[in-house]
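Enquirer: Take a look at the following structure, please.
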Amino acid sequence: MAFEGSIDLKQELSDLLKSEGRQMFLRQKRGTQRCACWNDLTKEGDRECPRCSGFGWPYVDKKIWARIEVATQPTSGAYRNPPGAPGFSFVDEYVVYFEQTSQTNVNASVNDWIVECKTKTDGTLWPPYKIERVWDVNEVIDYRENKGQFSFYALRCRRLGLGK
Ligand SMILES: [Zn+2]
């Protein structure tokens, strides 16, 4: 993906996010201590845990406005299942794009998760939050460094089963 020096592209991405994005949570670990519910033998947290909902880490959720799509260039090992019939994708690697704004002043990292919840038709979150999908962030591509003009993150993600 080439992002070099194009203000138009920034605007395009921004528009795309506005029209086709939705609100999600960027879930970030707090601290370096596992949650008290974490079972080191089973490598699982307690789904009923009020502190971490089974994630095994205390966390903080930050709202982002993002778009999620299938990764067009899967990294090696991205195929968990053999390729299926044409038109059906079995790739479980996705990319989440979001724009860094003053409201979403967050620094994404590979320790984060993306949490997709039920949203209204306008894309905003619909409380009480009902989790639809959780994604494990595997790679963070930060476009802010491109001449200082860009403020986009692209996160390569894998879908995560809850309680794993
Ligand atoms: Zn817990």
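Naming scheme: A, B, ... for chains in displayed order of the structure tokens; residues 1 onward per chain; ligands 1 onward as shown.
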Would you list, as a list of chain:residue names, the residues of segment 10-74 of chain A that end up in strand (DSSP E) under DSSP run on this structure's backbone?

Expert: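 Reading the DSSP output for segment 10-74 of chain A, strand (DSSP E) covers A:Arg22, A:Gln23, A:Met24, A:Phe25, A:Leu26, A:Arg27, A:Gln28, A:Lys29, A:Tyr59, A:Val60, A:Asp61, A:Lys62, A:Lys63, A:Ile64, A:Trp65, A:Ala66, A:Arg67, A:Ile68, A:Glu69, A:Val70.
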
Enquirer: Let me see if you get this right: every residue at most 8 Å from ligand 1, counting only C-alpha atoms and all ligand atoms, written as a list in words.

Expert: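 Residues satisfying the distance criterion: Arg34, Cys35, Ala36, Cys37, Trp38, Gly45, Asp46, Arg47, Glu48, Cys49, Pro50, Arg51, Cys52, Ser53, Gly54, Phe55, Gly56, Trp57 and Pro58 of chain A.
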
Enquirer: Do a neighbour search on Leu13 of chain A at 9 Å with only C-alpha atoms, toss out local chain neighbours closer than 4 positions, and write the hits as a ChimeraX atom specification.

Expert: /A:8-9,17-18,97,99,152

Enquirer: Could you take the residues named above and write them with C-alpha atoms, as a JSON list (two decimals), in the first residue's frame?

Expert:
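Output (part_28.json):
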[["chain", "number", "residue", "atom", "x", "y", "z"],
["A", 8, "ASP", "CA", -6.25, 13.26, -1.40],
["A", 9, "LEU", "CA", -5.65, 9.73, -0.24],
["A", 17, "LEU", "CA", -14.17, 5.31, 7.08],
["A", 18, "LYS", "CA", -16.99, 7.77, 7.61],
["A", 97, "TYR", "CA", -8.33, 0.69, 9.67],
["A", 99, "GLU", "CA", -8.17, 7.25, 11.95],
["A", 152, "PHE", "CA", -4.16, 6.20, 10.19]]

Enquirer: Have a look at A:Asn111, A:Ile68, A:Tyr94, A:Thr101 and name the one nearest to Gly31 of chain A; count only C-alpha atoms.

Expert: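 Smallest distance to Gly31 of chain A is found for A:Asn111.
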
Enquirer: Taking only C-alpha atoms into account, name the residue in A:Leu155, A:Leu16, A:Met24, A:Val106 that is nearest to Trp126 of chain A.

Expert: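 Closest residue, counting only C-alpha atoms: A:Met24.
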
Enquirer: Atom CA of Pro127 of chain A to atom CA of Glu69 of chain A: how many Å, to one decimal?

Expert: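 Atom CA of Pro127 of chain A sits 23.8 Å away from atom CA of Glu69 of chain A.
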
Enquirer: So what do you get for atom CA of Arg67 of chain A versus atom CA of Glu20 of chain A, distance-wise?

Expert: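 That distance, rounded to one decimal, is 6.6 Å.
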
Enquirer: Rounded to one decimal, what separation in Å do you get between atom CA of Leu160 of chain A and atom CA of Gly123 of chain A?

Expert: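 Interatomic distance here is 22.1 Å.
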